[in-house]
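Comments concern the structure below.
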Amino acid sequence: MPRSLKEETALLLEDYFQHRSGSAALPPSPTAAVLRRAAAELERQERPFFRSCAPLARAEPREAAALLGRVAAQLEADGGLNWGRLLALVVFAGTLAAALAERGCSDGPRCLAAHLAAYLAEERGEWLEAHGGWDGFCRFFGRHGSEAAEQSSTIGNAIMAAAAGIGMAGLAFLLVR
Amino acid sequence: MPGRTLRKTAPPAAPAAVECALELTRIGDRWDLRQRLLNLLAKLFCPGTWAARGHGERNGGGPWLCGFGRRGSTDTGR
């Protein structure tokens, strides 16, 4: 059954936040799996910054949601949105959600997911629709998100192998001459 | 207020929010560029796979990679 963008976004964010907080449940959809993987990769690469953000989450979810709203508005104000910024924002929200959950605020992740979903679907819905919605996100990150390192190393290996082959051929040519 | 323009999308933000947003912008832009490059490389190295996936088809983690170094990657019958 087709869901609204807001519903779909809220479900994806809730799943990611729960996963981030340690839930072992399987991803409910391929899109959720892509979001989990891409977000985990970004969070791993930028861990020091996201760790430093955790203390910003106060005990009150509404404060964290307000902070998230301010950050989202500021983020978007400088040059508009792109998939990378959106992913960074989701990871930031996940950091706040995990911090709230750690402080015993079990409703925090759901509250933040609802706030961010409302912002993305209502304020940035036009941008999301224009870029293919969450299908567009999957197209952008899906093939390379989690396996970016693997892919870049694989392609890198292929390039290195080609370069080595050319180098050896050149050396052989020089020796034979 | 006369002589001043109000920004619709950027209400006054606390310093922490501004700092976070700046850093997230940098991280997001870097990540966006990185992914665009990866997508471009994949498109150059694996044009068949790119087309076969329908450029929008959701397959939830199917084999998108060209198959460098992957066993059986050359006999898929494509």
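Letters for chains follow the order of the structure tokens (A, B, ...), residue numbers begin at 1 for each chain, and ligand numbers begin at 1 in the order shown.
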Excluding A:Leu12 and its own-chain neighbours fewer than 3 positions away, which residues fall within 10 Å of it when counting only C-alpha atoms? Please give them as an MDAnalysis selection string. chainID A and resid 6:9 15:18 27:29 31:33 35:36 113 117 134
Report as a tab-separated table the residues of chain A within 7 Å of chain B, each with its shortest atom pair and distance in Å (one decimal), using only C-alpha atoms, ordered by chain and increasing residue number.
residue	atom	partner	partner_atom	distance
A:Pro30	CA	B:Gly60	CA	4.2
A:Leu67	CA	B:Ala17	CA	6.4
A:Arg70	CA	B:Ala13	CA	6.0
A:Val71	CA	B:Ala17	CA	5.1
A:Ala73	CA	B:Ala10	CA	5.5
A:Gln74	CA	B:Ala10	CA	5.6
A:Leu75	CA	B:Ala21	CA	4.9
A:Ala77	CA	B:Ala10	CA	6.0
A:Trp83	CA	B:Asp32	CA	6.2
A:Gly84	CA	B:Gly28	CA	4.1
A:Arg85	CA	B:Gly28	CA	3.8
A:Leu87	CA	B:Gly28	CA	6.9
A:Ala88	CA	B:Gly28	CA	5.3
A:Leu89	CA	B:Leu24	CA	6.8
A:Asp135	CA	B:Gly56	CA	6.6
A:Arg139	CA	B:Gly56	CA	5.7
A:Arg143	CA	B:Trp64	CA	5.9
A:Thr154	CA	B:Phe68	CA	6.6
Write out as a tab-separated table a residue-level contact list of stretch 48-67 of chain A versus stretch 99-109 of chain A with cut-off 9 Å: for each qualifying residue the closest pair of atoms and the distance in Å to one decimal, counting only C-alpha atoms, rows sorted by chain and residue number upward.
residue	atom	partner	partner_atom	distance
A:Ala54	CA	A:Ala99	CA	5.7
A:Pro55	CA	A:Ala99	CA	7.4
A:Leu56	CA	A:Ala99	CA	8.7
A:Ala57	CA	A:Ala99	CA	6.2
A:Arg58	CA	A:Leu100	CA	7.2
A:Ala59	CA	A:Leu100	CA	6.3
A:Glu60	CA	A:Cys105	CA	7.9
A:Pro61	CA	A:Gly108	CA	5.1
A:Arg62	CA	A:Gly108	CA	8.4
A:Ala64	CA	A:Leu100	CA	8.5
A:Ala65	CA	A:Gly108	CA	8.9
Atom CA of A:Phe137 and atom CA of A:Ala97, how far apart in Å?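 Here the two named atoms are 21.7 Å from each other.
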What lies within 8 Å of A:Leu42 using only C-alpha atoms, ignoring chain neighbours under 2 positions off, as a list of chain:residue names?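 So, after excluding close chain neighbours, the residues are A:Ala38, A:Ala39, A:Ala40, A:Arg44, A:Gln45, A:Glu46, A:Ala88, A:Val91, B:Trp31.
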Distance criterion (only C-alpha atoms): nearest to B:Leu40 out of A:Gly170, A:Phe140, A:Leu116, A:Leu128: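 Closest candidate: A:Phe140.
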I'd like the neighbourhood of A:His115 as number ranges by chain, where a residue qualifies if any of its atoms comes within 8 Å (using only C-alpha atoms), though same-chain residues fewer than 4 positions away should be ignored. A: 65, 69, 111, 119
